[in-house]
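Here is the file model24.txt (compact mmCIF, C-alpha atoms).
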# COMPACT_ATOMS: atom_id res chain seq x y z
CA PRO A 111 3.65 160.63 -46.34
CA GLU A 112 2.40 162.61 -49.29
CA LYS A 113 5.03 164.99 -50.67
CA VAL A 114 5.04 167.82 -53.17
CA TRP A 115 7.84 168.76 -55.55
CA PHE A 116 9.14 172.27 -56.12
CA GLU A 117 11.74 172.35 -58.90
CA GLY A 118 13.69 169.40 -57.63
CA GLU A 119 13.07 169.98 -53.93
CA VAL A 120 10.98 167.53 -51.93
CA MET A 121 9.10 169.18 -49.08
CA PRO A 122 6.68 167.43 -46.74
CA GLN A 123 3.19 168.71 -47.33
CA GLU A 124 1.79 170.71 -44.44
CA GLY A 125 -0.30 168.69 -42.04
CA THR A 126 1.19 165.27 -42.90
CA GLU A 127 2.78 162.98 -40.36
CA PRO A 128 6.55 162.38 -40.51
CA ASP A 129 7.82 159.09 -41.83
CA SER A 130 9.44 156.36 -39.77
CA GLY A 131 12.76 158.19 -39.97
CA GLY A 132 11.80 160.44 -37.05
CA ALA A 133 9.59 160.52 -34.01
CA ALA A 134 6.07 161.80 -34.50
CA PRO A 135 5.54 165.24 -32.95
CA THR A 136 3.51 165.33 -29.78
CA GLY A 137 1.74 168.08 -27.93
CA MET A 138 4.82 168.52 -25.70
CA ASP A 139 7.32 168.43 -28.60
CA LEU A 140 6.90 172.02 -29.79
CA GLY A 141 9.44 174.48 -31.14
CA PRO A 142 9.98 178.08 -29.98
CA ASN A 143 7.38 179.25 -32.50
CA GLY A 144 4.73 176.92 -31.01
CA SER A 145 4.78 174.56 -33.99
CA PRO A 146 5.65 170.83 -33.79
CA TYR A 147 9.11 169.69 -34.82
CA ILE A 148 9.39 167.71 -38.03
CA GLY A 149 10.91 164.23 -38.42
CA LYS A 150 14.46 163.38 -39.41
CA SER A 151 13.56 162.81 -43.04
CA GLY A 152 11.82 166.17 -43.12
CA MET A 153 14.91 167.78 -41.59
CA ARG A 154 17.03 166.53 -44.47
CA ASP A 155 14.63 167.95 -47.04
CA TYR A 156 14.36 171.24 -45.16
CA ARG A 157 18.11 171.71 -44.90
CA SER A 158 18.60 170.83 -48.54
CA ALA A 159 16.02 173.38 -49.67
CA VAL A 160 17.27 176.18 -47.38
CA ALA A 161 20.89 175.55 -48.39
CA ARG A 162 19.94 176.08 -52.05
CA CYS A 163 18.05 179.25 -51.16
CA ASN A 164 21.09 180.44 -49.22
CA TYR A 165 23.21 179.90 -52.33
CA LEU A 166 20.79 181.95 -54.43
CA ALA A 167 20.64 184.74 -51.83
CA ALA A 168 24.16 185.84 -52.80
CA ASP A 169 22.67 187.18 -56.05
CA ARG A 170 18.98 187.45 -55.17
CA PHE A 171 19.14 190.19 -52.55
CA GLU A 172 15.36 190.22 -52.07
CA ILE A 173 15.42 186.78 -50.41
CA ALA A 174 18.49 187.37 -48.20
CA PHE A 175 16.57 188.27 -45.04
CA THR A 176 14.02 185.48 -45.41
CA THR A 177 16.75 182.93 -46.07
CA LYS A 178 18.69 184.13 -43.03
CA GLU A 179 15.64 183.59 -40.84
CA LEU A 180 15.07 180.11 -42.27
CA CYS A 181 18.74 179.19 -41.71
CA ARG A 182 18.30 179.85 -38.00
CA ALA A 183 16.01 176.82 -37.82
CA MET A 184 18.47 174.43 -39.47
CA ALA A 185 19.12 172.48 -36.27
CA ASN A 186 15.48 171.81 -35.35
CA PRO A 187 13.00 172.95 -37.99
CA THR A 188 9.30 172.94 -37.25
CA GLU A 189 6.23 172.63 -39.43
CA LEU A 190 5.93 176.41 -39.47
CA ASP A 191 9.51 176.66 -40.80
CA VAL A 192 8.66 174.17 -43.53
CA LYS A 193 5.70 176.35 -44.48
CA GLY A 194 8.05 179.34 -44.68
CA VAL A 195 10.57 177.68 -46.99
CA THR A 196 7.73 176.35 -49.15
CA ARG A 197 6.43 179.90 -49.62
CA LEU A 198 9.94 181.07 -50.49
CA ILE A 199 10.32 178.35 -53.12
CA ARG A 200 6.96 179.33 -54.60
CA PHE A 201 8.16 182.93 -54.75
CA LEU A 202 11.31 181.87 -56.60
CA LYS A 203 9.29 179.68 -58.94
CA GLY A 204 7.12 182.70 -59.79
CA LEU A 205 10.21 184.90 -60.34
CA PRO A 206 12.85 182.47 -61.61
CA ARG A 207 15.05 185.09 -63.26
CA MET A 208 16.25 188.43 -61.86
CA VAL A 209 18.53 190.58 -64.03
CA GLN A 210 20.93 193.22 -62.76
CA ARG A 211 21.89 195.94 -65.23
CA ILE A 212 25.57 196.97 -65.05
CA PRO A 213 26.40 199.99 -67.23
CA PHE A 214 29.66 199.96 -69.14
CA GLU A 215 32.37 202.30 -67.87
CA ASP A 216 35.50 203.36 -69.75
CA ARG A 217 37.54 203.76 -66.54
CA PRO A 218 37.84 201.91 -63.22
CA PRO A 219 35.44 203.04 -60.47
CA THR A 220 36.91 205.14 -57.66
CA ILE A 221 34.19 205.11 -54.98
CA VAL A 222 33.00 202.31 -52.71
CA GLU A 223 29.61 203.08 -51.16
CA ALA A 224 28.21 201.14 -48.22
CA TYR A 225 24.52 201.48 -47.33
CA VAL A 226 23.62 200.06 -43.91
CA ASP A 227 20.43 199.63 -41.90
CA SER A 228 19.15 197.66 -38.93
CA ASP A 229 15.92 196.39 -37.45
CA TRP A 230 16.15 196.94 -33.71
CA ALA A 231 15.13 193.91 -31.59
CA GLY A 232 13.38 192.41 -34.59
CA CYS A 233 13.69 188.84 -33.31
CA ARG A 234 10.86 188.21 -30.85
CA LYS A 235 12.61 185.18 -29.34
CA SER A 236 16.10 186.56 -28.66
CA ARG A 237 15.38 190.30 -29.08
CA LYS A 238 18.49 190.54 -31.22
CA SER A 239 18.66 193.05 -34.06
CA THR A 240 19.36 192.44 -37.74
CA SER A 241 22.13 194.19 -39.65
CA GLY A 242 21.67 194.69 -43.39
CA GLY A 243 24.01 196.28 -45.85
CA ILE A 244 24.90 196.70 -49.51
CA LEU A 245 28.25 197.51 -51.10
CA TYR A 246 28.28 199.56 -54.29
CA LEU A 247 31.29 199.90 -56.59
CA GLY A 248 30.91 202.65 -59.13
CA GLY A 249 27.16 202.77 -58.51
CA VAL A 250 26.69 199.01 -58.99
CA ALA A 251 25.67 196.71 -56.13
CA VAL A 252 28.32 194.01 -55.78
CA ARG A 253 27.58 192.51 -52.37
CA ALA A 254 24.81 192.40 -49.79
CA TRP A 255 24.35 190.79 -46.40
CA SER A 256 21.69 190.19 -43.78
CA SER A 257 22.86 188.91 -40.41
CA ASN A 258 21.88 188.84 -36.75
CA GLN A 259 23.86 191.05 -34.39
CA ASN A 260 25.77 189.14 -31.73
CA VAL A 261 25.13 191.82 -29.11
CA ILE A 262 21.65 192.69 -27.86
CA ALA A 263 21.32 196.41 -28.57
CA LEU A 264 19.57 198.48 -25.91
CA SER A 265 18.45 201.21 -28.31
CA SER A 266 17.77 201.70 -32.00
CA GLY A 267 20.76 204.03 -32.26
CA GLU A 268 23.04 201.35 -30.83
CA ALA A 269 21.65 198.77 -33.28
CA GLU A 270 22.25 201.17 -36.16
CA TYR A 271 25.81 201.72 -34.93
CA TYR A 272 26.49 197.97 -34.94
CA ALA A 273 25.12 197.84 -38.49
CA ALA A 274 27.49 200.68 -39.44
CA LEU A 275 30.40 198.71 -37.94
CA LYS A 276 29.54 195.73 -40.12
CA GLY A 277 29.28 197.93 -43.21
CA ALA A 278 32.52 199.79 -42.51
CA SER A 279 34.52 196.59 -41.93
CA SER A 280 33.14 195.07 -45.15
CA ALA A 281 33.90 198.23 -47.13
CA LEU A 282 37.46 198.46 -45.77
CA GLY A 283 38.10 194.81 -46.62
CA PHE A 284 36.71 195.33 -50.11
CA GLN A 285 38.88 198.43 -50.54
CA SER A 286 41.96 196.41 -49.54
CA MET A 287 41.15 193.77 -52.15
CA LEU A 288 40.76 196.43 -54.84
CA ARG A 289 44.08 197.98 -53.82
CA ASP A 290 45.75 194.61 -54.42
CA LEU A 291 44.29 194.74 -57.93
CA GLY A 292 45.73 198.21 -58.52
CA ILE A 293 42.46 200.12 -58.05
CA ASP A 294 42.47 203.01 -55.56
CA THR A 295 39.08 203.88 -54.09
CA SER A 296 37.54 205.99 -51.36
CA ILE A 297 34.75 204.84 -49.01
CA THR A 298 31.45 206.55 -48.19
CA LEU A 299 29.18 204.99 -45.57
CA TYR A 300 25.46 205.84 -45.70
CA THR A 301 23.10 205.41 -42.75
CA ASP A 302 19.59 206.73 -42.09
CA SER A 303 20.19 207.00 -38.33
CA SER A 304 21.16 210.36 -36.86
CA ALA A 305 21.90 208.64 -33.53
CA ALA A 306 24.40 206.28 -35.15
CA ARG A 307 26.14 209.16 -36.91
CA GLY A 308 26.33 210.96 -33.57
CA ILE A 309 28.08 207.96 -31.98
CA ILE A 310 30.49 207.69 -34.90
CA HIS A 311 31.51 211.34 -34.89
CA ARG A 312 31.97 211.69 -31.12
CA ALA A 313 35.07 210.65 -29.19
CA GLY A 314 34.58 207.94 -26.59
CA LEU A 315 31.51 206.25 -25.15
CA GLY A 316 29.45 209.28 -24.15
CA LYS A 317 26.28 208.03 -22.48
CA LEU A 318 26.72 204.50 -23.87
CA ARG A 319 28.75 203.28 -20.90
CA HIS A 320 27.79 199.66 -21.57
CA LEU A 321 29.30 199.71 -25.06
CA GLU A 322 32.48 197.64 -25.37
CA THR A 323 35.53 199.76 -26.21
CA GLY A 324 36.44 197.31 -28.96
CA TYR A 325 33.51 198.65 -30.97
CA LEU A 326 34.88 202.21 -31.03
CA TRP A 327 37.43 201.69 -33.80
CA LEU A 328 35.01 203.24 -36.31
CA GLN A 329 35.37 206.59 -34.55
CA SER A 330 39.14 206.48 -35.09
CA ALA A 331 38.73 205.36 -38.71
CA VAL A 332 36.45 208.31 -39.50
CA LYS A 333 38.77 210.71 -37.68
CA ALA A 334 41.71 209.36 -39.71
CA LYS A 335 39.64 209.96 -42.88
CA LYS A 336 39.74 206.33 -43.92
CA LEU A 337 36.06 206.73 -44.76
CA GLN A 338 33.32 209.32 -44.50
CA VAL A 339 29.79 208.93 -43.14
CA ARG A 340 26.77 210.55 -44.73
CA LYS A 341 23.04 210.69 -44.14
CA VAL A 342 20.52 208.95 -46.36
CA LEU A 343 16.75 209.13 -46.04
CA GLY A 344 15.11 206.01 -44.67
CA THR A 345 12.84 205.80 -47.71
CA GLU A 346 15.89 206.00 -49.99
CA ASN A 347 18.03 203.43 -48.18
CA PRO A 348 18.17 200.18 -50.22
CA ALA A 349 19.61 198.30 -47.22
CA ASP A 350 16.09 198.30 -45.75
CA LEU A 351 15.47 195.35 -48.07
CA LEU A 352 17.81 193.22 -45.95
CA THR A 353 16.52 193.89 -42.43
CA LYS A 354 12.85 192.91 -42.43
CA HIS A 355 9.94 191.56 -44.43
CA LEU A 356 8.67 194.30 -46.74
CA ALA A 357 5.51 194.92 -48.70
CA ALA A 358 5.74 194.18 -52.42
CA ALA A 359 5.78 197.86 -53.38
CA ASP A 360 8.70 198.58 -51.03
CA MET A 361 10.58 195.53 -52.26
CA TRP A 362 10.30 196.56 -55.91
CA ARG A 363 11.31 200.13 -55.06
CA ASN A 364 14.50 198.93 -53.41
CA LEU A 365 15.26 196.48 -56.22
CA GLU A 366 14.95 199.35 -58.67
CA LYS A 367 17.69 201.18 -56.74
CA LEU A 368 19.83 198.08 -57.21
CA HIS A 369 19.13 198.14 -60.98
CA MET A 370 17.45 194.74 -60.71
CA ALA A 371 14.30 193.64 -62.50
CA PRO A 372 12.66 190.30 -63.37
CA GLU A 373 12.76 189.00 -66.92
CA ASP A 374 11.31 186.01 -68.72
CA GLY A 375 13.21 183.28 -70.52
CA ARG A 376 16.89 182.45 -70.29
CA SER A 377 19.92 184.63 -70.80
CA LYS A 378 21.58 184.33 -74.22
CA ALA A 379 24.92 183.95 -72.41
CA VAL A 380 23.73 180.73 -70.74
CA PRO A 381 24.33 177.62 -72.87
CA LEU A 382 21.39 175.38 -73.61
CA ILE A 383 21.18 172.17 -71.60

For this file, write the structure as structure tokens.
Amino acid sequence: PEKVWFEGEVMPQEGTEPDSGGAAPTGMDLGPNGSPYIGKSGMRDYRSAVARCNYLAADRFEIAFTTKELCRAMANPTELDVKGVTRLIRFLKGLPRMVQRIPFEDRPPTIVEAYVDSDWAGCRKSRKSTSGGILYLGGVAVRAWSSNQNVIALSSGEAEYYAALKGASSALGFQSMLRDLGIDTSITLYTDSSAARGIIHRAGLGKLRHLETGYLWLQSAVKAKKLQVRKVLGTENPADLLTKHLAAADMWRNLEKLHMAPEDGRSKAVPLI
């Protein structure tokens, strides 16, 4: 079949038949998104391309959510999934370099900030929610994540609480690592959900009788002053970048909060090939 190249990646062109390496899709061989499955050779190319995007997502926070969604189709990708990864590669080809500005500090940072957000029941197939979060150290974003929640949340407040759990556990682990390096820090967790903050600051389940008691450790951690929880406006929460597909203007606004901006050329610190 005819193939197109995208910076070293070979992707089957949309609408072509798979090669002899896999069975041709039929009208009954459709994926959950209603699109035909691709052949075995196409699967190899798809997985290779998505794996590289997943590697880049550790530093390119703007593609973390899209890459997470594409990774979910690793086992049985469809033609629609191939179209999605092709669009992502075109986006990266148009913005090959993203620079994060880190200001110089004359003393070690003392505050770890965790911004969390969720998209309640965002997956139309499983109705699972997405947790997104960003860790800041001294005002600089050092880590971000976008992941599906294992539990199906029954309300937006519950989904936001699960996102807060993920952010708090990541922040506490990061704090422990810094302590091993001789750096003492405090933790502040930011969420734009008043319902989630209500769950965190109460004692016990309240009206959420279906909530597993194992998820209530955050209440004890806040009560023990291991971290504090604060409100952030939804429009000012950079973790929104990691929970859903955003318009270009919203994406650039959140990247500006992360001190990230595209630049042309190569960095002077990178040796010439």

Name all residues at most 7 Å from segment 298-313 of chain A (count all atoms listed in the file; drop same-chain ones fewer than 2 positions away) and give them as a PyMOL selection string.
chain A and resi 222-227+267-268+270-271+278+296+315+328-329+337-344

Atom CA of Asp155 of chain A to atom CA of His355 of chain A, distance in Å rounded to a single decimal:
24.2 Å

So, with only C-alpha atoms as the atoms that count, which of A:Ile221, A:Leu318, A:Met361, A:Ala231 lies closest to Val250 of chain A?
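Closest residue, counting only C-alpha atoms: A:Ile221.
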
Tell me which protein, DNA and RNA residues are within 12 Å of Leu140 of chain A, counting all atoms listed in the file, leaving out same-chain ones fewer than 5 positions away, and put them as a list of chain:residue names.
A:Ala134, A:Pro135, A:Ser145, A:Pro146, A:Tyr147, A:Ile148, A:Asn186, A:Pro187, A:Thr188, A:Glu189, A:Leu190

What is the atom CA of Ala274 of chain A to atom CA of Gly242 of chain A distance in Å?
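Atom CA of Gly242 of chain A lies 9.2 Å from atom CA of Ala274 of chain A.
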
Tell me which of A:Thr295, A:Asn143, A:Thr177, A:Ser257 sits closest to Gly277 of chain A, counting all atoms listed in the file.
A:Ser257

Excluding same-chain residues fewer than 5 positions from Pro218 of chain A, what lies within 12 Å of it counting all atoms listed in the file, as a PyMOL selection string?
chain A and resi 247-249+288-289+291-295

Any chance you could export segment 204-260 of chain A with C-alpha atoms, as a compact mmCIF listing (two decimals), in the first residue's frame?
# COMPACT_ATOMS: atom_id res chain seq x y z
CA GLY A 204 4.69 22.25 12.75
CA LEU A 205 5.97 22.95 16.30
CA PRO A 206 9.19 20.92 16.52
CA ARG A 207 10.71 22.90 19.38
CA MET A 208 9.10 24.01 22.65
CA VAL A 209 11.24 25.92 25.16
CA GLN A 210 10.59 26.15 28.89
CA ARG A 211 12.08 29.16 30.66
CA ILE A 212 13.50 28.37 34.12
CA PRO A 213 14.59 31.47 36.06
CA PHE A 214 17.80 31.28 38.05
CA GLU A 215 17.41 31.17 41.83
CA ASP A 216 20.15 31.80 44.40
CA ARG A 217 18.57 29.44 46.96
CA PRO A 218 16.77 26.08 46.86
CA PRO A 219 12.99 26.23 46.39
CA THR A 220 10.84 25.55 49.45
CA ILE A 221 7.34 25.04 48.01
CA VAL A 222 5.91 22.18 45.96
CA GLU A 223 2.67 23.15 44.22
CA ALA A 224 0.31 20.60 42.70
CA TYR A 225 -2.43 21.77 40.31
CA VAL A 226 -5.07 19.12 39.60
CA ASP A 227 -8.15 18.90 37.40
CA SER A 228 -10.46 16.27 35.94
CA ASP A 229 -12.86 15.76 33.07
CA TRP A 230 -15.85 13.90 34.48
CA ALA A 231 -17.00 10.90 32.39
CA GLY A 232 -15.05 12.24 29.43
CA CYS A 233 -14.65 8.82 27.82
CA ARG A 234 -17.83 8.04 25.88
CA LYS A 235 -17.05 4.32 25.74
CA SER A 236 -16.24 3.55 29.38
CA ARG A 237 -17.58 6.76 31.00
CA LYS A 238 -14.36 6.96 32.99
CA SER A 239 -12.93 10.34 33.96
CA THR A 240 -9.48 11.76 33.23
CA SER A 241 -7.15 13.04 35.94
CA GLY A 242 -4.65 15.73 35.00
CA GLY A 243 -2.05 17.39 37.13
CA ILE A 244 1.13 19.46 37.18
CA LEU A 245 3.83 19.65 39.84
CA TYR A 246 5.63 22.96 40.33
CA LEU A 247 8.87 23.35 42.27
CA GLY A 248 9.71 26.94 43.04
CA GLY A 249 7.22 28.13 40.41
CA VAL A 250 8.66 25.89 37.66
CA ALA A 251 6.68 22.99 36.18
CA VAL A 252 8.73 19.81 36.65
CA ARG A 253 6.20 17.05 36.00
CA ALA A 254 2.78 16.57 34.45
CA TRP A 255 0.45 13.63 33.94
CA SER A 256 -2.77 12.72 32.19
CA SER A 257 -4.35 9.40 33.12
CA ASN A 258 -7.70 7.62 33.21
CA GLN A 259 -9.27 7.07 36.61
CA ASN A 260 -9.69 3.42 37.55
